[in-house]
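Next up, target-v2.txt (compact mmCIF, C-alpha atoms):
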```
# COMPACT_ATOMS: atom_id res chain seq x y z
CA MET A 1 12.03 -93.86 -87.61
CA VAL A 2 8.34 -93.23 -87.25
CA GLY A 3 6.91 -90.55 -89.52
CA ILE A 4 4.28 -88.08 -88.47
CA VAL A 5 1.14 -88.20 -90.54
CA ARG A 6 -0.76 -84.94 -90.75
CA ALA A 7 -4.32 -84.91 -91.97
CA PHE A 8 -5.11 -82.34 -94.63
CA THR A 9 -7.96 -80.06 -93.70
CA PRO A 10 -9.28 -77.78 -96.45
CA ALA A 11 -9.77 -74.12 -95.61
CA SER A 12 -13.53 -74.54 -95.91
CA LEU A 13 -15.84 -77.37 -96.88
CA TYR A 14 -18.68 -74.90 -97.25
CA THR A 15 -20.01 -73.97 -100.68
CA GLY A 16 -21.99 -70.74 -100.82
CA PRO A 17 -24.14 -69.13 -103.50
CA GLY A 18 -21.16 -67.06 -104.66
CA ASP A 19 -19.29 -70.29 -105.44
CA VAL A 20 -22.11 -71.25 -107.81
CA ALA A 21 -23.10 -67.96 -109.47
CA SER A 22 -21.70 -64.44 -109.67
CA PHE A 23 -23.45 -61.63 -107.77
CA ASP A 24 -23.05 -57.85 -107.71
CA VAL A 25 -24.82 -57.62 -104.35
CA PHE A 26 -25.54 -60.30 -101.75
CA TYR A 27 -26.99 -60.09 -98.23
CA GLY A 28 -27.95 -63.01 -96.05
CA VAL A 29 -27.82 -65.17 -92.95
CA ARG A 30 -25.22 -67.48 -94.47
CA ALA A 31 -21.87 -66.73 -96.06
CA TYR A 32 -21.63 -65.77 -99.71
CA SER A 33 -18.76 -68.17 -100.43
CA GLY A 34 -16.36 -70.66 -98.90
CA ALA A 35 -13.65 -68.01 -98.85
CA TYR A 36 -15.93 -65.50 -97.10
CA ALA A 37 -16.84 -68.12 -94.50
CA ALA A 38 -13.25 -69.21 -93.93
CA GLY A 39 -12.27 -65.59 -93.35
CA GLY A 40 -14.99 -65.05 -90.75
CA GLY A 41 -16.61 -62.38 -92.92
CA ASN A 42 -19.09 -59.89 -91.48
CA ALA A 43 -22.83 -60.45 -91.82
CA PHE A 44 -24.62 -57.67 -89.92
CA ASP A 45 -24.21 -54.78 -87.54
CA LEU A 46 -26.74 -55.44 -84.78
CA ARG A 47 -28.47 -53.49 -82.01
CA ARG A 48 -30.20 -55.02 -79.00
CA SER A 49 -33.42 -53.59 -77.63
CA SER A 50 -32.66 -53.31 -73.91
CA ASP A 51 -29.79 -50.82 -73.95
CA ASN A 52 -29.08 -50.15 -77.65
CA GLY A 53 -25.80 -52.02 -77.33
CA THR A 54 -24.22 -52.96 -80.66
CA MET A 55 -22.10 -55.72 -82.15
CA THR A 56 -20.94 -56.94 -85.56
CA ALA A 57 -22.06 -60.50 -86.31
CA ALA A 58 -19.80 -62.74 -88.37
CA PHE A 59 -19.90 -66.12 -90.07
CA LEU A 60 -18.38 -69.41 -88.98
CA ALA A 61 -16.20 -71.51 -91.26
CA THR A 62 -19.28 -73.69 -91.89
CA GLY A 63 -20.93 -70.71 -93.60
CA ALA A 64 -23.49 -70.40 -90.82
CA LEU A 65 -24.16 -67.19 -88.91
CA ASP A 66 -22.48 -67.25 -85.49
CA THR A 67 -25.79 -67.45 -83.63
CA ALA A 68 -24.21 -68.64 -80.36
CA THR A 69 -22.24 -65.40 -79.99
CA ILE A 70 -25.24 -63.30 -81.02
CA SER A 71 -27.53 -65.12 -78.58
CA SER A 72 -25.08 -64.71 -75.71
CA TRP A 73 -24.83 -60.98 -76.42
CA ALA A 74 -28.55 -60.37 -76.96
CA GLY A 75 -30.09 -62.57 -74.29
CA ALA A 76 -33.88 -62.19 -74.43
CA ASP A 77 -33.68 -58.89 -76.33
CA THR A 78 -35.11 -58.20 -79.75
CA ILE A 79 -32.26 -58.01 -82.28
CA PHE A 80 -32.29 -55.24 -84.87
CA ILE A 81 -30.15 -54.87 -88.02
CA SER A 82 -28.52 -51.50 -88.69
CA ARG A 83 -26.30 -52.78 -91.51
CA ALA A 84 -26.36 -55.80 -93.79
CA TYR A 85 -22.92 -56.34 -95.30
CA ASP A 86 -22.65 -56.83 -99.03
CA GLN A 87 -20.55 -59.97 -99.02
CA THR A 88 -19.51 -59.80 -102.67
CA GLY A 89 -16.67 -57.35 -102.06
CA ASN A 90 -18.46 -54.56 -103.92
CA ASN A 91 -19.12 -52.79 -100.60
CA ARG A 92 -22.75 -51.96 -101.28
CA HIS A 93 -23.57 -52.36 -97.61
CA ALA A 94 -27.26 -51.69 -96.90
CA THR A 95 -27.83 -49.57 -93.79
CA GLN A 96 -30.59 -48.12 -91.63
CA PRO A 97 -29.47 -45.55 -89.01
CA THR A 98 -33.00 -44.86 -87.71
CA PRO A 99 -33.80 -47.38 -84.94
CA ALA A 100 -37.56 -47.34 -85.57
CA ASN A 101 -36.97 -48.43 -89.20
CA GLN A 102 -34.49 -51.23 -88.58
CA LEU A 103 -35.21 -54.82 -89.59
CA THR A 104 -35.41 -57.64 -87.06
CA LEU A 105 -33.08 -60.64 -87.01
CA LEU A 106 -34.55 -63.96 -85.80
CA LEU A 107 -32.04 -66.65 -84.89
CA SER A 108 -34.34 -69.57 -85.71
CA GLY A 109 -37.68 -70.32 -87.32
CA GLY A 110 -36.61 -69.81 -90.93
CA MET A 111 -36.31 -72.40 -93.67
CA GLY A 112 -34.75 -75.47 -92.09
CA ASN A 113 -35.09 -73.63 -88.75
CA LYS A 114 -32.22 -71.39 -89.81
CA PRO A 115 -32.06 -67.66 -88.96
CA TYR A 116 -34.04 -65.17 -91.02
CA ILE A 117 -34.70 -61.45 -91.43
CA LEU A 118 -38.12 -59.94 -90.77
CA VAL A 119 -38.86 -57.05 -93.16
CA THR A 120 -42.06 -55.11 -92.47
CA ALA A 121 -43.75 -52.34 -94.46
CA THR A 122 -42.06 -49.42 -92.68
CA LYS A 123 -38.66 -51.00 -92.15
CA PHE A 124 -35.89 -51.28 -94.72
CA LEU A 125 -32.17 -51.16 -95.47
CA SER A 126 -30.78 -49.13 -98.33
CA TYR A 127 -27.61 -48.27 -100.18
CA ALA A 128 -27.14 -44.92 -101.93
CA THR A 129 -27.89 -45.00 -105.65
CA PHE A 130 -27.44 -47.83 -108.11
CA ALA A 131 -27.66 -47.56 -111.90
CA PRO A 132 -28.64 -50.88 -113.56
CA SER A 133 -26.72 -51.42 -116.76
CA ASN A 134 -28.78 -52.76 -119.64
CA GLY A 135 -32.18 -54.10 -118.60
CA VAL A 136 -30.85 -57.61 -118.08
CA CYS A 137 -30.29 -58.95 -114.56
CA SER A 138 -30.63 -62.05 -112.40
CA PHE A 139 -31.94 -62.36 -108.86
CA SER A 140 -31.94 -64.95 -106.15
CA THR A 141 -33.69 -65.22 -102.82
CA VAL A 142 -34.78 -67.61 -100.11
CA ALA A 143 -37.99 -66.12 -98.77
CA TYR A 144 -41.40 -66.86 -97.27
CA ARG A 145 -44.60 -66.48 -99.25
CA ASN A 146 -47.44 -65.46 -96.91
CA GLY A 147 -49.84 -63.61 -99.20
CA THR A 148 -48.63 -60.09 -98.49
CA ASN A 149 -44.85 -60.08 -98.60
CA THR A 150 -42.73 -58.47 -101.30
CA ILE A 151 -38.95 -58.43 -101.21
CA ARG A 152 -37.77 -55.38 -103.16
CA PHE A 153 -34.25 -54.91 -104.43
CA ILE A 154 -34.31 -51.77 -106.53
CA SER A 155 -36.67 -49.04 -105.42
CA ASN A 156 -37.20 -46.02 -107.65
CA ASN A 157 -38.35 -42.89 -105.79
CA GLY A 158 -39.26 -44.84 -102.69
CA ASP A 159 -41.84 -47.39 -103.83
CA GLY A 160 -41.46 -47.91 -107.57
CA GLY A 161 -38.92 -50.00 -109.40
CA ASN A 162 -39.47 -53.42 -107.84
CA LEU A 163 -37.26 -55.82 -109.74
CA PHE A 164 -38.07 -59.01 -107.90
CA GLY A 165 -40.98 -59.57 -105.59
CA GLY A 166 -42.52 -62.33 -103.54
CA ASN A 167 -46.20 -61.87 -104.28
CA ASP A 168 -48.79 -60.90 -106.84
CA GLN A 169 -50.53 -58.27 -104.75
CA ALA A 170 -54.05 -59.67 -104.19
CA THR A 171 -53.50 -63.02 -105.90
CA ALA A 172 -52.78 -66.01 -103.66
CA ASN A 173 -50.11 -68.64 -104.24
CA ARG A 174 -48.04 -66.57 -106.66
CA TRP A 175 -44.48 -65.28 -106.98
CA MET A 176 -43.81 -62.27 -109.13
CA LEU A 177 -41.02 -60.92 -111.29
CA LYS A 178 -41.76 -57.25 -111.73
CA ARG A 179 -40.48 -54.05 -113.22
CA THR A 180 -42.11 -50.78 -112.25
CA THR A 181 -41.46 -47.48 -113.95
CA ALA A 182 -44.13 -45.38 -115.65
CA THR A 183 -45.60 -48.66 -116.85
CA THR A 184 -45.76 -51.81 -114.75
CA THR A 185 -44.67 -55.08 -116.35
CA ARG A 186 -44.69 -58.40 -114.53
CA PHE A 187 -45.41 -62.08 -114.75
CA ASN A 188 -46.09 -64.74 -112.15
CA ALA A 189 -45.18 -68.24 -111.11
CA VAL A 190 -46.91 -70.61 -108.70
CA ALA A 191 -45.60 -70.50 -105.12
CA SER A 192 -47.73 -71.88 -102.32
CA ASP A 193 -48.77 -69.58 -99.49
CA SER A 194 -47.51 -70.03 -95.91
CA ALA A 195 -44.28 -71.65 -97.03
CA TRP A 196 -40.60 -70.92 -97.60
CA HIS A 197 -39.37 -70.98 -101.18
CA VAL A 198 -36.13 -70.85 -103.13
CA GLY A 199 -36.59 -68.35 -105.94
CA GLN A 200 -34.54 -67.27 -108.95
CA GLY A 201 -35.56 -64.50 -111.32
CA ILE A 202 -33.94 -63.82 -114.67
CA MET A 203 -35.01 -60.56 -116.35
CA ASN A 204 -34.07 -60.90 -119.99
CA GLY A 205 -36.92 -59.57 -122.13
CA ALA A 206 -38.90 -62.33 -123.81
CA SER A 207 -36.51 -64.94 -122.36
CA SER A 208 -37.26 -64.09 -118.72
CA VAL A 209 -37.68 -66.88 -116.16
CA ILE A 210 -38.96 -67.33 -112.63
CA SER A 211 -37.67 -70.54 -111.07
CA ILE A 212 -39.45 -71.46 -107.83
CA ASP A 213 -38.10 -74.50 -105.98
CA GLY A 214 -36.65 -75.75 -109.26
CA THR A 215 -39.77 -75.30 -111.41
CA ASP A 216 -39.43 -72.75 -114.21
CA THR A 217 -42.06 -70.35 -115.51
CA THR A 218 -41.21 -68.24 -118.56
CA GLY A 219 -42.48 -64.78 -119.41
CA SER A 220 -41.42 -61.39 -120.70
CA VAL A 221 -40.06 -58.53 -118.61
CA ALA A 222 -36.88 -56.42 -118.75
CA GLY A 223 -35.10 -54.70 -115.90
CA ASP A 224 -35.04 -50.97 -115.32
CA THR A 225 -32.02 -48.95 -116.45
CA VAL A 226 -32.92 -45.84 -114.42
CA ALA A 227 -30.67 -45.05 -111.46
CA ALA A 228 -32.48 -45.78 -108.20
CA THR A 229 -31.98 -46.45 -104.52
CA LEU A 230 -30.73 -49.97 -103.85
CA ARG A 231 -33.26 -50.97 -101.23
CA PHE A 232 -33.82 -54.15 -99.28
CA ALA A 233 -37.44 -53.72 -98.23
CA SER A 234 -40.91 -55.20 -98.15
CA GLY A 235 -44.48 -54.17 -98.78
CA GLY A 236 -45.75 -56.22 -95.84
CA ASP A 237 -44.57 -59.01 -93.56
CA GLY A 238 -41.53 -60.17 -95.52
CA ARG A 239 -39.35 -62.99 -94.25
CA VAL A 240 -36.10 -63.59 -96.05
CA ALA A 241 -32.93 -65.59 -95.46
CA GLU A 242 -30.79 -64.37 -98.34
CA ALA A 243 -31.10 -62.14 -101.37
CA GLY A 244 -28.83 -60.93 -104.14
CA PHE A 245 -28.60 -60.01 -107.79
CA ASP A 246 -26.21 -59.93 -110.72
CA ASP A 247 -26.69 -56.87 -112.92
CA GLY A 248 -26.24 -57.19 -116.68
CA THR A 249 -26.25 -61.00 -116.60
CA ALA A 250 -28.96 -63.50 -117.50
CA TRP A 251 -28.07 -66.71 -115.68
CA ALA A 252 -28.30 -69.83 -117.80
CA GLY A 253 -30.49 -72.69 -116.61
CA ALA A 254 -27.49 -74.70 -115.45
CA VAL A 255 -26.39 -71.80 -113.25
CA TYR A 256 -29.68 -71.01 -111.54
CA GLY A 257 -30.45 -74.73 -111.32
CA ALA A 258 -27.19 -75.30 -109.43
CA LEU A 259 -27.96 -72.29 -107.25
CA THR A 260 -31.39 -73.70 -106.41
CA ALA A 261 -29.82 -77.04 -105.46
CA ASN A 262 -27.21 -75.28 -103.31
CA GLN A 263 -29.87 -73.32 -101.42
CA GLN A 264 -32.15 -76.30 -100.94
CA ALA A 265 -29.27 -78.40 -99.60
CA TYR A 266 -28.19 -75.73 -97.12
CA TYR A 267 -31.64 -74.85 -95.79
CA ALA A 268 -33.02 -78.38 -95.84
```
Kindly return the structure encoded in the file as structure tokens.
Amino acid sequence: MVGIVRAFTPASLYTGPGDVASFDVFYGVRAYSGAYAAGGGNAFDLRRSSDNGTMTAAFLATGALDTATISSWAGADTIFISRAYDQTGNNRHATQPTPANQLTLLLSGGMGNKPYILVTATKFLSYATFAPSNGVCSFSTVAYRNGTNTIRFISNNGDGGNLFGGNDQATANRWMLKRTTATTTRFNAVASDSAWHVGQGIMNGASSVISIDGTDTTGSVAGDTVAATLRFASGGDGRVAEAGFDDGTAWAGAVYGALTANQQAYYA
């Protein structure tokens, strides 16, 4: 009697940022976790420019955005994002119902020629109101430093309350961790212009850290505890592949180091 040998195939060989660190909110062009990828989780609600047709874009089991389906649907159209799904399960989906203010999705040209999101000064996604817990939080992003871009996560009264940004205003080759309320506090790390970077920011008072491409810079800044709009926005030409944060948690070096390695491996 000849037995039948069946190969074991795991549900997903993909490891996402959510498999490495915990997040309260996560948006991006790749899946948050292996489980989210295996389940074909949603990434974005999209609108195409020619006829305002819509679709919901999902992830493949590899963790990658299903760009083939999006490309077939969009053709030569510009692709706009009306909703970025919070992949953590916390349902803080960031939306933009006004067409003129919707972000643009590019299917290539990002880090490692992966897809990316173009965030300009007048375009943004937002989610209701969010109340940070205790002034301690951790952030992660894969974004492009071009001298003018800022990726904002918490926006107080429209423009204030940046908790993690991608520039130092007029200073070149810098990445900034910033809190803005009545008084602005920030500190900077080196990040070369005209390049994609993997960035982690840990707001934890005097023990704060910016880790850019695996190099740490320490400083002092605490997160805001004032309720504000959760806003995914930019002060200029912002290009971002993924972004998320964990409120009330200061990631240890081993955690954000592993997260950096995970991002570099995926986007390499």
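Each of A:Thr69, A:Asn134, A:Ser126, A:Thr62 was checked against A:Ile81 using all atoms listed in the file; the smallest atom-to-atom distance is that of A:Ser126.
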Produce a table with one row for each residue of stretch 4-95 of chain A that has an atom at most 10 Å from any atom of stretch 116-119 of chain A, each row naming the nearest atom pair and its distance in Å at one decimal; use all atoms listed in the file; arrange rows by chain and rising residue number; format as a Markdown table.
```
| residue | atom | partner | partner_atom | distance |
| --- | --- | --- | --- | --- |
| A:Gly28 | CA | A:Tyr116 | CA | 8.2 |
| A:Val29 | CA | A:Tyr116 | CA | 6.5 |
| A:Arg30 | CA | A:Tyr116 | CA | 9.7 |
| A:Phe80 | CA | A:Ile117 | CA | 9.3 |
| A:Ile81 | CA | A:Ile117 | CA | 8.7 |
```
Per residue of stretch 19-110 of chain A within 6 Å of stretch 242-256 of chain A, record the nearest atom pair and its distance in Å to one decimal, counting all atoms listed in the file, with rows in chain order and ascending residue number, as CSV.
```
residue,atom,partner,partner_atom,distance
A:Phe23,CA,A:Asp246,CA,4.4
A:Asp24,CA,A:Asp246,CA,4.8
A:Val25,CA,A:Gly244,CA,5.2
A:Phe26,CA,A:Gly244,CA,4.1
A:Tyr27,CA,A:Ala243,CA,5.6
A:Gly28,CA,A:Glu242,CA,3.9
```
C-alpha atoms of the current selection, written as a PDB file, in the frame of the given file:
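File produced: out15.pdb:
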```pdb
ATOM      1  CA  PHE A  23     -23.450 -61.630-107.770  1.00  0.00           C
ATOM      2  CA  ASP A  24     -23.050 -57.850-107.710  1.00  0.00           C
ATOM      3  CA  VAL A  25     -24.820 -57.620-104.350  1.00  0.00           C
ATOM      4  CA  PHE A  26     -25.540 -60.300-101.750  1.00  0.00           C
ATOM      5  CA  TYR A  27     -26.990 -60.090 -98.230  1.00  0.00           C
ATOM      6  CA  GLY A  28     -27.950 -63.010 -96.050  1.00  0.00           C
TER       7      GLY A  28
END
```
Minimum-distance residue to A:Ala64, chosen among A:Leu125, A:Ala258, A:Ala172, A:Ala241 (using all atoms listed in the file): A:Ala241
Could you tell me how far atom CA of A:Ala268 lies from atom CA of A:Trp196, in Å and to one decimal?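 One can read the atom CA of A:Ala268 to atom CA of A:Trp196 distance as 10.8 Å.
For the residues A:Leu46, A:Ala189, A:Val20, A:Ala143, ranking by smallest atom-to-atom distance to A:Asn173 using all atoms listed in the file places A:Ala189 first.
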Would you mind telling me which residue in A:Ala21, A:Leu106, A:Val221, A:Ala261 lies nearest to A:Ile70 when using only C-alpha atoms?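 Using only C-alpha atoms, A:Ile70 sits closest to A:Leu106.
For the atom pair formed by atom CA of A:Ser22 and atom CA of A:Ser211, the distance is 17.2 Å, given to one decimal.
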Find the residues around A:Asp19 up to 8 Å (only C-alpha atoms counted), leave out those fewer than 2 positions away in its own chain, and share them as a PyMOL selection string. chain A and resi 15-17+21-22+32-34
Could you pull the residues within 10 Å of A:Val209, counting only C-alpha atoms, minus those fewer than 2 positions along the same chain, as a PDB file with C-alpha atoms, in the frame of the given file?
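Written out: result15.pdb:
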```pdb
ATOM      1  CA  SER A 138     -30.630 -62.050-112.400  1.00  0.00           C
ATOM      2  CA  LEU A 177     -41.020 -60.920-111.290  1.00  0.00           C
ATOM      3  CA  PHE A 187     -45.410 -62.080-114.750  1.00  0.00           C
ATOM      4  CA  ASN A 188     -46.090 -64.740-112.150  1.00  0.00           C
ATOM      5  CA  ALA A 189     -45.180 -68.240-111.110  1.00  0.00           C
ATOM      6  CA  GLN A 200     -34.540 -67.270-108.950  1.00  0.00           C
ATOM      7  CA  GLY A 201     -35.560 -64.500-111.320  1.00  0.00           C
ATOM      8  CA  ILE A 202     -33.940 -63.820-114.670  1.00  0.00           C
ATOM      9  CA  MET A 203     -35.010 -60.560-116.350  1.00  0.00           C
ATOM     10  CA  ASN A 204     -34.070 -60.900-119.990  1.00  0.00           C
ATOM     11  CA  GLY A 205     -36.920 -59.570-122.130  1.00  0.00           C
ATOM     12  CA  ALA A 206     -38.900 -62.330-123.810  1.00  0.00           C
ATOM     13  CA  SER A 207     -36.510 -64.940-122.360  1.00  0.00           C
ATOM     14  CA  SER A 211     -37.670 -70.540-111.070  1.00  0.00           C
ATOM     15  CA  ILE A 212     -39.450 -71.460-107.830  1.00  0.00           C
ATOM     16  CA  THR A 215     -39.770 -75.300-111.410  1.00  0.00           C
ATOM     17  CA  ASP A 216     -39.430 -72.750-114.210  1.00  0.00           C
ATOM     18  CA  THR A 217     -42.060 -70.350-115.510  1.00  0.00           C
ATOM     19  CA  THR A 218     -41.210 -68.240-118.560  1.00  0.00           C
ATOM     20  CA  GLY A 219     -42.480 -64.780-119.410  1.00  0.00           C
ATOM     21  CA  SER A 220     -41.420 -61.390-120.700  1.00  0.00           C
ATOM     22  CA  VAL A 221     -40.060 -58.530-118.610  1.00  0.00           C
ATOM     23  CA  ALA A 250     -28.960 -63.500-117.500  1.00  0.00           C
ATOM     24  CA  TRP A 251     -28.070 -66.710-115.680  1.00  0.00           C
ATOM     25  CA  ALA A 252     -28.300 -69.830-117.800  1.00  0.00           C
ATOM     26  CA  GLY A 253     -30.490 -72.690-116.610  1.00  0.00           C
TER      27      GLY A 253
END
```
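The gap separating atom CA of A:Ile79 from atom CA of A:Thr122 is 16.7 Å, in Å to one decimal.
Here the question is which of A:Gly18, A:Thr104, A:Met111, A:Thr78 gets nearest to A:Phe44 using only C-alpha atoms, and that residue is A:Thr104.
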Specify the axis-aligned box that encloses all atoms of stretch 188-200 of chain A listed in the file after padding of 5 Å on each side, stating its centre and edge lengths in Å to one decimal as AutoDock Vina command-line options.
```
--center_x -41.7 --center_y -68.3 --center_z -104.0 --size_x 24.2 --size_y 17.1 --size_z 26.2
```
Restricting the calculation to all atoms listed in the file, which member of A:Ala228, A:Asp86, A:Leu13, A:Tyr144 is positioned closest to A:Leu60?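 Closest residue, counting all atoms listed in the file: A:Leu13.
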Neighbours of point (-36.2, -50.3, -80.4) within 10 Å, using all atoms listed in the file, written as a ChimeraX atom specification: /A:47-52,77-80,98-102,104
Go ahead and save the residues from that selection, with C-alpha atoms, as an mmCIF file, in the frame of the given file.
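Wrote it out as part.cif, contents follow:
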```cif
data_model
loop_
_atom_site.group_PDB
_atom_site.id
_atom_site.type_symbol
_atom_site.label_atom_id
_atom_site.label_comp_id
_atom_site.auth_asym_id
_atom_site.auth_seq_id
_atom_site.Cartn_x
_atom_site.Cartn_y
_atom_site.Cartn_z
ATOM 1 C CA ARG A 47 -28.470 -53.490 -82.010
ATOM 2 C CA ARG A 48 -30.200 -55.020 -79.000
ATOM 3 C CA SER A 49 -33.420 -53.590 -77.630
ATOM 4 C CA SER A 50 -32.660 -53.310 -73.910
ATOM 5 C CA ASP A 51 -29.790 -50.820 -73.950
ATOM 6 C CA ASN A 52 -29.080 -50.150 -77.650
ATOM 7 C CA ASP A 77 -33.680 -58.890 -76.330
ATOM 8 C CA THR A 78 -35.110 -58.200 -79.750
ATOM 9 C CA ILE A 79 -32.260 -58.010 -82.280
ATOM 10 C CA PHE A 80 -32.290 -55.240 -84.870
ATOM 11 C CA THR A 98 -33.000 -44.860 -87.710
ATOM 12 C CA PRO A 99 -33.800 -47.380 -84.940
ATOM 13 C CA ALA A 100 -37.560 -47.340 -85.570
ATOM 14 C CA ASN A 101 -36.970 -48.430 -89.200
ATOM 15 C CA GLN A 102 -34.490 -51.230 -88.580
ATOM 16 C CA THR A 104 -35.410 -57.640 -87.060
#
```
